[in-house]
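The structure file input-v1.pdb is reproduced below (PDB, C-alpha atoms).
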```
ATOM      1  CA  MET A   1       0.000   0.000   0.000  1.00  0.00           C
ATOM      2  CA  LYS A   2       1.417   3.362  -1.036  1.00  0.00           C
ATOM      3  CA  LEU A   3       1.715   6.118   1.541  1.00  0.00           C
ATOM      4  CA  GLN A   4      -0.768   8.815   0.614  1.00  0.00           C
ATOM      5  CA  THR A   5       0.325  12.422   1.148  1.00  0.00           C
ATOM      6  CA  LYS A   6      -0.755  15.879   0.082  1.00  0.00           C
ATOM      7  CA  ILE A   7       2.675  16.456  -1.375  1.00  0.00           C
ATOM      8  CA  GLY A   8       2.766  17.580  -4.969  1.00  0.00           C
ATOM      9  CA  LEU A   9       4.301  19.897  -7.536  1.00  0.00           C
ATOM     10  CA  ASP A  10       1.582  22.559  -7.682  1.00  0.00           C
ATOM     11  CA  PHE A  11       3.858  25.383  -6.483  1.00  0.00           C
ATOM     12  CA  GLU A  12       6.663  24.265  -8.782  1.00  0.00           C
ATOM     13  CA  LYS A  13       4.316  24.177 -11.782  1.00  0.00           C
ATOM     14  CA  ARG A  14       2.960  27.632 -10.972  1.00  0.00           C
ATOM     15  CA  ALA A  15       6.520  28.951 -11.006  1.00  0.00           C
ATOM     16  CA  HIS A  16       7.091  27.223 -14.357  1.00  0.00           C
ATOM     17  CA  ALA A  17       3.923  28.834 -15.704  1.00  0.00           C
ATOM     18  CA  ASP A  18       5.352  32.208 -14.688  1.00  0.00           C
ATOM     19  CA  GLY A  19       8.440  31.522 -16.788  1.00  0.00           C
ATOM     20  CA  PHE A  20      10.864  30.134 -14.195  1.00  0.00           C
ATOM     21  CA  ARG A  21      12.461  26.904 -15.445  1.00  0.00           C
ATOM     22  CA  ILE A  22      14.729  25.969 -12.519  1.00  0.00           C
ATOM     23  CA  VAL A  23      12.867  25.875  -9.179  1.00  0.00           C
ATOM     24  CA  ALA A  24      14.608  24.925  -5.937  1.00  0.00           C
ATOM     25  CA  GLY A  25      12.981  23.853  -2.692  1.00  0.00           C
ATOM     26  CA  ILE A  26      14.679  24.944   0.538  1.00  0.00           C
ATOM     27  CA  ASP A  27      14.207  23.697   4.113  1.00  0.00           C
ATOM     28  CA  GLU A  28      16.173  23.398   7.369  1.00  0.00           C
ATOM     29  CA  VAL A  29      16.600  20.904  10.179  1.00  0.00           C
ATOM     30  CA  GLY A  30      18.035  21.244  13.664  1.00  0.00           C
ATOM     31  CA  ARG A  31      16.726  24.705  14.427  1.00  0.00           C
ATOM     32  CA  GLY A  32      15.452  23.660  17.869  1.00  0.00           C
ATOM     33  CA  CYS A  33      18.417  21.530  18.871  1.00  0.00           C
ATOM     34  CA  LEU A  34      20.714  22.265  21.810  1.00  0.00           C
ATOM     35  CA  ALA A  35      23.790  20.985  19.986  1.00  0.00           C
ATOM     36  CA  GLY A  36      25.184  20.625  16.498  1.00  0.00           C
ATOM     37  CA  PRO A  37      24.731  22.813  13.438  1.00  0.00           C
ATOM     38  CA  VAL A  38      21.557  24.030  11.830  1.00  0.00           C
ATOM     39  CA  VAL A  39      21.502  22.427   8.382  1.00  0.00           C
ATOM     40  CA  ALA A  40      19.594  23.537   5.289  1.00  0.00           C
ATOM     41  CA  GLY A  41      18.889  21.481   2.200  1.00  0.00           C
ATOM     42  CA  ALA A  42      18.268  22.707  -1.331  1.00  0.00           C
ATOM     43  CA  VAL A  43      16.849  20.469  -4.062  1.00  0.00           C
ATOM     44  CA  ILE A  44      15.931  21.021  -7.697  1.00  0.00           C
ATOM     45  CA  LEU A  45      13.663  18.165  -8.771  1.00  0.00           C
ATOM     46  CA  LYS A  46      13.003  16.922 -12.282  1.00  0.00           C
ATOM     47  CA  THR A  47       9.321  17.777 -12.287  1.00  0.00           C
ATOM     48  CA  ALA A  48       8.575  15.691 -15.380  1.00  0.00           C
ATOM     49  CA  GLU A  49       9.562  12.509 -13.530  1.00  0.00           C
ATOM     50  CA  PRO A  50       7.513  10.617 -10.912  1.00  0.00           C
ATOM     51  CA  LEU A  51       8.126  11.689  -7.333  1.00  0.00           C
ATOM     52  CA  PRO A  52       9.871   9.314  -4.928  1.00  0.00           C
ATOM     53  CA  GLU A  53       7.218   7.068  -3.415  1.00  0.00           C
ATOM     54  CA  GLY A  54       6.144   8.236   0.033  1.00  0.00           C
ATOM     55  CA  ILE A  55       7.908  11.602  -0.092  1.00  0.00           C
ATOM     56  CA  ASN A  56       6.756  13.772   2.800  1.00  0.00           C
ATOM     57  CA  ASP A  57       7.903  16.118   5.532  1.00  0.00           C
ATOM     58  CA  SER A  58      11.030  14.428   6.914  1.00  0.00           C
ATOM     59  CA  LYS A  59       9.633  14.474  10.464  1.00  0.00           C
ATOM     60  CA  LYS A  60       6.752  12.238   9.375  1.00  0.00           C
ATOM     61  CA  LEU A  61       8.977   9.517   7.913  1.00  0.00           C
ATOM     62  CA  SER A  62      10.835   6.651   9.529  1.00  0.00           C
ATOM     63  CA  LYS A  63      14.616   6.740   9.475  1.00  0.00           C
ATOM     64  CA  LYS A  64      14.673   3.892   6.951  1.00  0.00           C
ATOM     65  CA  LYS A  65      12.208   5.668   4.648  1.00  0.00           C
ATOM     66  CA  ARG A  66      14.092   8.967   4.914  1.00  0.00           C
ATOM     67  CA  ASN A  67      17.340   7.273   3.956  1.00  0.00           C
ATOM     68  CA  THR A  68      15.704   5.543   0.988  1.00  0.00           C
ATOM     69  CA  ILE A  69      14.114   8.738  -0.327  1.00  0.00           C
ATOM     70  CA  ALA A  70      17.281  10.770   0.280  1.00  0.00           C
ATOM     71  CA  ARG A  71      19.282   8.312  -1.845  1.00  0.00           C
ATOM     72  CA  GLU A  72      16.681   8.533  -4.596  1.00  0.00           C
ATOM     73  CA  VAL A  73      16.600  12.338  -4.494  1.00  0.00           C
ATOM     74  CA  ARG A  74      20.394  12.606  -4.576  1.00  0.00           C
ATOM     75  CA  ALA A  75      20.545  10.217  -7.546  1.00  0.00           C
ATOM     76  CA  ARG A  76      17.718  11.709  -9.606  1.00  0.00           C
ATOM     77  CA  ALA A  77      17.497  15.436  -8.832  1.00  0.00           C
ATOM     78  CA  ILE A  78      18.860  18.059 -11.210  1.00  0.00           C
ATOM     79  CA  ALA A  79      20.875  19.327  -8.242  1.00  0.00           C
ATOM     80  CA  TRP A  80      20.949  19.076  -4.453  1.00  0.00           C
ATOM     81  CA  SER A  81      23.100  20.545  -1.729  1.00  0.00           C
ATOM     82  CA  VAL A  82      23.320  21.332   1.969  1.00  0.00           C
ATOM     83  CA  GLY A  83      24.531  24.307   3.962  1.00  0.00           C
ATOM     84  CA  GLU A  84      25.369  24.341   7.651  1.00  0.00           C
ATOM     85  CA  VAL A  85      26.060  26.908  10.358  1.00  0.00           C
ATOM     86  CA  GLN A  86      27.859  25.759  13.490  1.00  0.00           C
ATOM     87  CA  ALA A  87      26.911  26.294  17.136  1.00  0.00           C
ATOM     88  CA  GLU A  88      29.454  29.063  17.722  1.00  0.00           C
ATOM     89  CA  GLU A  89      27.980  31.159  14.921  1.00  0.00           C
ATOM     90  CA  ILE A  90      24.422  30.355  16.042  1.00  0.00           C
ATOM     91  CA  ASP A  91      25.319  31.802  19.449  1.00  0.00           C
ATOM     92  CA  ARG A  92      26.817  34.869  17.815  1.00  0.00           C
ATOM     93  CA  ILE A  93      24.071  35.816  15.337  1.00  0.00           C
ATOM     94  CA  ASN A  94      20.993  33.952  16.773  1.00  0.00           C
ATOM     95  CA  ILE A  95      19.239  30.870  15.423  1.00  0.00           C
ATOM     96  CA  LEU A  96      16.912  32.654  12.987  1.00  0.00           C
ATOM     97  CA  GLU A  97      19.760  34.458  11.236  1.00  0.00           C
ATOM     98  CA  ALA A  98      21.840  31.276  11.320  1.00  0.00           C
ATOM     99  CA  THR A  99      18.974  29.367   9.682  1.00  0.00           C
ATOM    100  CA  LYS A 100      18.748  31.943   6.909  1.00  0.00           C
ATOM    101  CA  ARG A 101      22.519  31.828   6.445  1.00  0.00           C
ATOM    102  CA  ALA A 102      22.476  28.023   6.177  1.00  0.00           C
ATOM    103  CA  MET A 103      19.760  28.304   3.533  1.00  0.00           C
ATOM    104  CA  SER A 104      21.768  30.889   1.589  1.00  0.00           C
ATOM    105  CA  ILE A 105      24.840  28.635   1.733  1.00  0.00           C
ATOM    106  CA  ALA A 106      22.821  25.658   0.456  1.00  0.00           C
ATOM    107  CA  ILE A 107      21.497  27.728  -2.458  1.00  0.00           C
ATOM    108  CA  GLY A 108      25.031  28.840  -3.304  1.00  0.00           C
ATOM    109  CA  ASN A 109      26.254  25.252  -3.194  1.00  0.00           C
ATOM    110  CA  LEU A 110      23.816  24.034  -5.870  1.00  0.00           C
ATOM    111  CA  SER A 111      25.612  22.861  -9.013  1.00  0.00           C
ATOM    112  CA  THR A 112      22.768  24.276 -11.132  1.00  0.00           C
ATOM    113  CA  ALA A 113      21.750  27.852 -10.375  1.00  0.00           C
ATOM    114  CA  PRO A 114      18.047  28.156  -9.520  1.00  0.00           C
ATOM    115  CA  GLU A 115      15.788  30.828 -10.971  1.00  0.00           C
ATOM    116  CA  TYR A 116      13.091  30.646  -8.298  1.00  0.00           C
ATOM    117  CA  LEU A 117      12.964  29.487  -4.688  1.00  0.00           C
ATOM    118  CA  LEU A 118      10.264  27.745  -2.677  1.00  0.00           C
ATOM    119  CA  ILE A 119      11.191  28.132   0.991  1.00  0.00           C
ATOM    120  CA  ASP A 120       9.664  26.594   4.076  1.00  0.00           C
ATOM    121  CA  ALA A 121       8.207  29.505   6.086  1.00  0.00           C
ATOM    122  CA  LEU A 122      11.048  32.007   5.639  1.00  0.00           C
ATOM    123  CA  GLU A 123      11.997  34.823   3.284  1.00  0.00           C
ATOM    124  CA  LEU A 124      15.675  35.297   2.476  1.00  0.00           C
ATOM    125  CA  GLU A 125      16.350  39.015   2.221  1.00  0.00           C
ATOM    126  CA  SER A 126      20.008  38.375   1.399  1.00  0.00           C
ATOM    127  CA  VAL A 127      19.126  36.347  -1.712  1.00  0.00           C
ATOM    128  CA  SER A 128      18.039  38.366  -4.739  1.00  0.00           C
ATOM    129  CA  LEU A 129      16.205  35.511  -6.481  1.00  0.00           C
ATOM    130  CA  PRO A 130      12.401  35.518  -6.768  1.00  0.00           C
ATOM    131  CA  GLN A 131      11.035  33.381  -3.959  1.00  0.00           C
ATOM    132  CA  LYS A 132       7.917  32.231  -2.147  1.00  0.00           C
ATOM    133  CA  ALA A 133       7.715  31.455   1.567  1.00  0.00           C
ATOM    134  CA  ILE A 134       5.237  28.638   2.222  1.00  0.00           C
ATOM    135  CA  ILE A 135       4.004  27.885   5.743  1.00  0.00           C
ATOM    136  CA  LYS A 136       4.422  24.148   6.375  1.00  0.00           C
ATOM    137  CA  GLY A 137       5.912  23.989   2.912  1.00  0.00           C
ATOM    138  CA  ASP A 138       7.444  20.584   3.553  1.00  0.00           C
ATOM    139  CA  ALA A 139       3.889  19.173   3.771  1.00  0.00           C
ATOM    140  CA  VAL A 140       2.746  20.490   0.375  1.00  0.00           C
ATOM    141  CA  SER A 141       5.746  21.100  -1.897  1.00  0.00           C
ATOM    142  CA  ALA A 142       7.686  18.059  -3.076  1.00  0.00           C
ATOM    143  CA  SER A 143      10.811  20.166  -3.608  1.00  0.00           C
ATOM    144  CA  ILE A 144      10.737  21.509  -0.046  1.00  0.00           C
ATOM    145  CA  ALA A 145       9.997  18.034   1.335  1.00  0.00           C
ATOM    146  CA  ALA A 146      12.952  16.638  -0.618  1.00  0.00           C
ATOM    147  CA  ALA A 147      15.171  19.383   0.791  1.00  0.00           C
ATOM    148  CA  SER A 148      14.023  18.592   4.333  1.00  0.00           C
ATOM    149  CA  ILE A 149      14.802  14.892   3.840  1.00  0.00           C
ATOM    150  CA  VAL A 150      18.255  15.480   2.371  1.00  0.00           C
ATOM    151  CA  ALA A 151      19.094  17.909   5.190  1.00  0.00           C
ATOM    152  CA  LYS A 152      17.736  15.611   7.917  1.00  0.00           C
ATOM    153  CA  VAL A 153      19.689  12.564   6.713  1.00  0.00           C
ATOM    154  CA  TYR A 154      22.863  14.637   6.375  1.00  0.00           C
ATOM    155  CA  ARG A 155      22.482  16.112   9.859  1.00  0.00           C
ATOM    156  CA  ASP A 156      21.589  12.799  11.510  1.00  0.00           C
ATOM    157  CA  ASN A 157      24.729  11.226  10.037  1.00  0.00           C
ATOM    158  CA  LEU A 158      26.757  14.165  11.318  1.00  0.00           C
ATOM    159  CA  MET A 159      25.332  13.738  14.821  1.00  0.00           C
ATOM    160  CA  GLN A 160      26.245  10.051  14.658  1.00  0.00           C
ATOM    161  CA  GLU A 161      29.853  11.138  14.104  1.00  0.00           C
ATOM    162  CA  TYR A 162      29.596  13.501  17.084  1.00  0.00           C
ATOM    163  CA  ASP A 163      28.235  10.610  19.143  1.00  0.00           C
ATOM    164  CA  GLU A 164      31.479   8.751  18.524  1.00  0.00           C
ATOM    165  CA  ARG A 165      33.473  11.804  19.602  1.00  0.00           C
ATOM    166  CA  TYR A 166      31.337  12.549  22.665  1.00  0.00           C
ATOM    167  CA  PRO A 167      29.796   9.146  23.558  1.00  0.00           C
ATOM    168  CA  GLU A 168      28.466  10.217  26.978  1.00  0.00           C
ATOM    169  CA  TYR A 169      25.884  12.612  25.475  1.00  0.00           C
ATOM    170  CA  GLY A 170      23.745  10.239  23.391  1.00  0.00           C
ATOM    171  CA  PHE A 171      23.836  12.315  20.211  1.00  0.00           C
ATOM    172  CA  ALA A 172      23.071   9.270  18.041  1.00  0.00           C
ATOM    173  CA  SER A 173      19.641   8.878  19.660  1.00  0.00           C
ATOM    174  CA  HIS A 174      18.409  12.441  20.264  1.00  0.00           C
ATOM    175  CA  VAL A 175      20.549  14.132  17.538  1.00  0.00           C
ATOM    176  CA  GLY A 176      20.957  17.205  19.710  1.00  0.00           C
ATOM    177  CA  TYR A 177      17.373  17.854  20.789  1.00  0.00           C
ATOM    178  CA  GLY A 178      16.558  18.671  24.388  1.00  0.00           C
ATOM    179  CA  THR A 179      15.531  15.300  25.759  1.00  0.00           C
ATOM    180  CA  LYS A 180      15.645  14.489  29.471  1.00  0.00           C
ATOM    181  CA  ALA A 181      18.695  12.281  28.928  1.00  0.00           C
ATOM    182  CA  HIS A 182      20.452  15.063  27.008  1.00  0.00           C
ATOM    183  CA  PHE A 183      19.876  17.632  29.751  1.00  0.00           C
ATOM    184  CA  GLU A 184      21.102  15.137  32.338  1.00  0.00           C
ATOM    185  CA  ALA A 185      24.267  14.533  30.294  1.00  0.00           C
ATOM    186  CA  ILE A 186      24.900  18.284  30.118  1.00  0.00           C
ATOM    187  CA  ARG A 187      24.437  18.626  33.886  1.00  0.00           C
ATOM    188  CA  SER A 188      26.796  15.720  34.533  1.00  0.00           C
ATOM    189  CA  ASN A 189      29.505  16.532  31.996  1.00  0.00           C
ATOM    190  CA  GLY A 190      29.054  20.165  31.024  1.00  0.00           C
ATOM    191  CA  PRO A 191      28.536  21.396  27.449  1.00  0.00           C
ATOM    192  CA  THR A 192      30.727  20.276  24.542  1.00  0.00           C
ATOM    193  CA  PRO A 193      32.167  22.592  21.866  1.00  0.00           C
ATOM    194  CA  ILE A 194      29.181  21.726  19.647  1.00  0.00           C
ATOM    195  CA  HIS A 195      26.589  22.860  22.210  1.00  0.00           C
ATOM    196  CA  ARG A 196      24.733  26.132  21.649  1.00  0.00           C
ATOM    197  CA  LYS A 197      25.657  28.104  24.735  1.00  0.00           C
ATOM    198  CA  SER A 198      22.899  30.690  24.154  1.00  0.00           C
ATOM    199  CA  PHE A 199      20.143  28.069  24.371  1.00  0.00           C
ATOM    200  CA  LYS A 200      18.235  27.646  27.634  1.00  0.00           C
ATOM    201  CA  GLY A 201      19.468  24.792  29.785  1.00  0.00           C
ATOM    202  CA  VAL A 202      22.901  24.418  28.159  1.00  0.00           C
ATOM    203  CA  LEU A 203      24.794  26.587  30.652  1.00  0.00           C
TER
END
```
Output the file's structure in the form of structure tokens.
Amino acid sequence: MKLQTKIGLDFEKRAHADGFRIVAGIDEVGRGCLAGPVVAGAVILKTAEPLPEGINDSKKLSKKKRNTIAREVRARAIAWSVGEVQAEEIDRINILEATKRAMSIAIGNLSTAPEYLLIDALELESVSLPQKAIIKGDAVSASIAAASIVAKVYRDNLMQEYDERYPEYGFASHVGYGTKAHFEAIRSNGPTPIHRKSFKGVL
């Protein structure tokens, strides 16, 4: 049985109808975490091809399904990329500005330059491209959903690496979010260099 979603290409096709050929979806993950970078994904899908089966907001997918769809997106998309901003910079410029910066970096890292952007919830004042901010965009735009999946898989793998470096914090399980076990680890061991010192409960 196929997973039914409301995901589609309506926003992408509207942009095409307005004359924009290359449309990128942009989303972020890790904005609410206590540790690790905020990571943005950018994806330009081939809209004439079938969408990956079950594509959806990354938070609504199992780890196995996310990994499967991420591999498919990376193999079949016109272009994909990620951008990340580390904890130290998040503390310096605040999480909202860091999120926007990660998105801008991801856009700049695309191997094919987009003409139009579909962005989950945010507007990027620093990017001069035409763009549309869509509330809960990862639940309706396939390009934004694909970006959220690529970013989530990338960031989860990164947190797995941090788990090996700082095994007492449990990064592999909570990936930096503020779980009870994570707060207890911070109280017992203090924050690591990847913790966001400006976030409540870290210091």
Counting all atoms listed in the file, figure out which residue out of A:His182, A:Lys13, A:Lys6, A:Lys65 gets nearest to A:Gly170.
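Result for the nearest residue to A:Gly170: A:His182.
The interatomic distance for the pair atom CA of A:Tyr169 and atom CA of A:Lys59 works out to 22.2 Å.
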Between atom CA of A:Met103 and atom CA of A:Val202, what is the spacing in Å?
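Distance between the two atoms: 25.1 Å.
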Just say which residues the PyMOL selection byres ((chain A and resi 33-41) around 7) picks in this file, as an MDAnalysis selection string.
chainID A and resid 26:32 42:43 81:87 99 102:103 106 147:148 150:151 155 176:178 194:196 199
If you apply the PyMOL selection byres ((chain A and resi 107-118) around 6) to this file, what residues do you get, as a short mmCIF file (atom, residue, chain, number, x, y, z; two decimals) with C-alpha atoms, keeping the file's coordinate frame?
```cif
data_model
loop_
_atom_site.label_atom_id
_atom_site.label_comp_id
_atom_site.auth_asym_id
_atom_site.auth_seq_id
_atom_site.Cartn_x
_atom_site.Cartn_y
_atom_site.Cartn_z
CA PHE A 20 10.86 30.13 -14.20
CA ILE A 22 14.73 25.97 -12.52
CA VAL A 23 12.87 25.88 -9.18
CA ALA A 24 14.61 24.92 -5.94
CA GLY A 25 12.98 23.85 -2.69
CA ALA A 79 20.88 19.33 -8.24
CA TRP A 80 20.95 19.08 -4.45
CA SER A 81 23.10 20.54 -1.73
CA SER A 104 21.77 30.89 1.59
CA ILE A 105 24.84 28.64 1.73
CA ALA A 106 22.82 25.66 0.46
CA ILE A 119 11.19 28.13 0.99
CA PRO A 130 12.40 35.52 -6.77
CA GLN A 131 11.04 33.38 -3.96
CA LYS A 132 7.92 32.23 -2.15
#
```
Nearest-residue call for A:Lys136, choices A:Gly190, A:Asp120, A:Gly8, A:Leu96, using only C-alpha atoms
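Once distances to A:Lys136 are computed over only C-alpha atoms, the minimum belongs to A:Asp120.
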If I take atom CA of A:Ala146 and atom CA of A:Lys60, how far is one from the other in Å, to one decimal?
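Between atom CA of A:Ala146 and atom CA of A:Lys60 the gap works out to 12.6 Å.
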Would you kindly return, as a ChimeraX atom specification, each protein, DNA or RNA residue with an atom no farther than 10 Å from any atom of A:Ile55, considering only C-alpha atoms and excluding same-chain residues fewer than 6 positions away?
/A:3-8,61,65-66,68-70,73,138-139,141-143,145-146,149
Can you list, as a PyMOL selection string, every protein, DNA or RNA residue that comes within 9 Å of A:Gly201 when you count only C-alpha atoms, leaving out same-chain residues fewer than 3 positions away?
chain A and resi 34+178+183+186-187+197-198
Go ahead and save the residues from that selection, with C-alpha atoms, as a PDB file, keeping the file's coordinate frame.
```
ATOM      1  CA  LEU A  34      20.714  22.265  21.810  1.00  0.00           C
ATOM      2  CA  GLY A 178      16.558  18.671  24.388  1.00  0.00           C
ATOM      3  CA  PHE A 183      19.876  17.632  29.751  1.00  0.00           C
ATOM      4  CA  ILE A 186      24.900  18.284  30.118  1.00  0.00           C
ATOM      5  CA  ARG A 187      24.437  18.626  33.886  1.00  0.00           C
ATOM      6  CA  LYS A 197      25.657  28.104  24.735  1.00  0.00           C
ATOM      7  CA  SER A 198      22.899  30.690  24.154  1.00  0.00           C
TER       8      SER A 198
END
```
Enclose the full set of atoms of stretch 105-111 of chain A listed in the file within a box whose edges lie along x, y and z, apply 6 Å of padding to each of the six sides, and report centre and edge lengths in Å to one decimal as JSON.
```
{"center_x": 23.9, "center_y": 25.9, "center_z": -3.6, "size_x": 16.8, "size_y": 18.0, "size_z": 22.7}
```
Where atoms are lacking, stretch 111-126 of chain A completed to N, CA, C and O atoms, as an mmCIF file, in the coordinates of the input:
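See rebuild-v2.cif below for the written result:
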```cif
data_model
loop_
_atom_site.group_PDB
_atom_site.id
_atom_site.type_symbol
_atom_site.label_atom_id
_atom_site.label_comp_id
_atom_site.auth_asym_id
_atom_site.auth_seq_id
_atom_site.Cartn_x
_atom_site.Cartn_y
_atom_site.Cartn_z
ATOM 1 N N SER A 111 24.799 22.929 -7.788
ATOM 2 C CA SER A 111 25.612 22.861 -9.013
ATOM 3 C C SER A 111 24.895 23.477 -10.207
ATOM 4 O O SER A 111 25.529 23.832 -11.202
ATOM 5 N N THR A 112 23.566 23.586 -10.121
ATOM 6 C CA THR A 112 22.768 24.276 -11.132
ATOM 7 C C THR A 112 22.106 25.467 -10.463
ATOM 8 O O THR A 112 21.445 25.309 -9.427
ATOM 9 N N ALA A 113 22.284 26.645 -11.014
ATOM 10 C CA ALA A 113 21.750 27.852 -10.375
ATOM 11 C C ALA A 113 20.232 27.910 -10.524
ATOM 12 O O ALA A 113 19.709 27.808 -11.642
ATOM 13 N N PRO A 114 19.508 28.063 -9.422
ATOM 14 C CA PRO A 114 18.047 28.156 -9.520
ATOM 15 C C PRO A 114 17.601 29.537 -9.994
ATOM 16 O O PRO A 114 18.338 30.520 -9.879
ATOM 17 N N GLU A 115 16.398 29.566 -10.537
ATOM 18 C CA GLU A 115 15.788 30.828 -10.971
ATOM 19 C C GLU A 115 14.698 31.289 -10.012
ATOM 20 O O GLU A 115 14.321 32.457 -10.021
ATOM 21 N N TYR A 116 14.205 30.346 -9.201
ATOM 22 C CA TYR A 116 13.091 30.646 -8.298
ATOM 23 C C TYR A 116 13.212 29.724 -7.096
ATOM 24 O O TYR A 116 13.630 28.570 -7.229
ATOM 25 N N LEU A 117 12.826 30.242 -5.929
ATOM 26 C CA LEU A 117 12.964 29.487 -4.688
ATOM 27 C C LEU A 117 11.608 29.280 -4.014
ATOM 28 O O LEU A 117 10.818 30.219 -3.910
ATOM 29 N N LEU A 118 11.390 28.054 -3.551
ATOM 30 C CA LEU A 118 10.264 27.745 -2.677
ATOM 31 C C LEU A 118 10.858 27.425 -1.316
ATOM 32 O O LEU A 118 11.637 26.481 -1.183
ATOM 33 N N ILE A 119 10.516 28.217 -0.305
ATOM 34 C CA ILE A 119 11.191 28.132 0.991
ATOM 35 C C ILE A 119 10.176 27.832 2.083
ATOM 36 O O ILE A 119 9.097 28.421 2.125
ATOM 37 N N ASP A 120 10.542 26.923 2.964
ATOM 38 C CA ASP A 120 9.664 26.594 4.076
ATOM 39 C C ASP A 120 9.633 27.752 5.077
ATOM 40 O O ASP A 120 10.597 27.973 5.809
ATOM 41 N N ALA A 121 8.556 28.502 5.062
ATOM 42 C CA ALA A 121 8.207 29.505 6.086
ATOM 43 C C ALA A 121 8.995 30.816 6.062
ATOM 44 O O ALA A 121 8.507 31.820 6.558
ATOM 45 N N LEU A 122 10.195 30.830 5.515
ATOM 46 C CA LEU A 122 11.048 32.007 5.639
ATOM 47 C C LEU A 122 11.242 32.744 4.313
ATOM 48 O O LEU A 122 11.128 32.155 3.246
ATOM 49 N N GLU A 123 11.557 34.046 4.429
ATOM 50 C CA GLU A 123 11.997 34.823 3.284
ATOM 51 C C GLU A 123 13.472 35.139 3.475
ATOM 52 O O GLU A 123 13.908 35.455 4.586
ATOM 53 N N LEU A 124 14.237 35.043 2.404
ATOM 54 C CA LEU A 124 15.675 35.297 2.476
ATOM 55 C C LEU A 124 15.979 36.656 1.853
ATOM 56 O O LEU A 124 16.094 36.786 0.628
ATOM 57 N N GLU A 125 16.102 37.656 2.707
ATOM 58 C CA GLU A 125 16.350 39.015 2.221
ATOM 59 C C GLU A 125 17.713 39.137 1.545
ATOM 60 O O GLU A 125 17.903 39.971 0.661
ATOM 61 N N SER A 126 18.648 38.286 1.945
ATOM 62 C CA SER A 126 20.008 38.375 1.399
ATOM 63 C C SER A 126 20.144 37.718 0.031
ATOM 64 O O SER A 126 21.184 37.831 -0.615
#
```
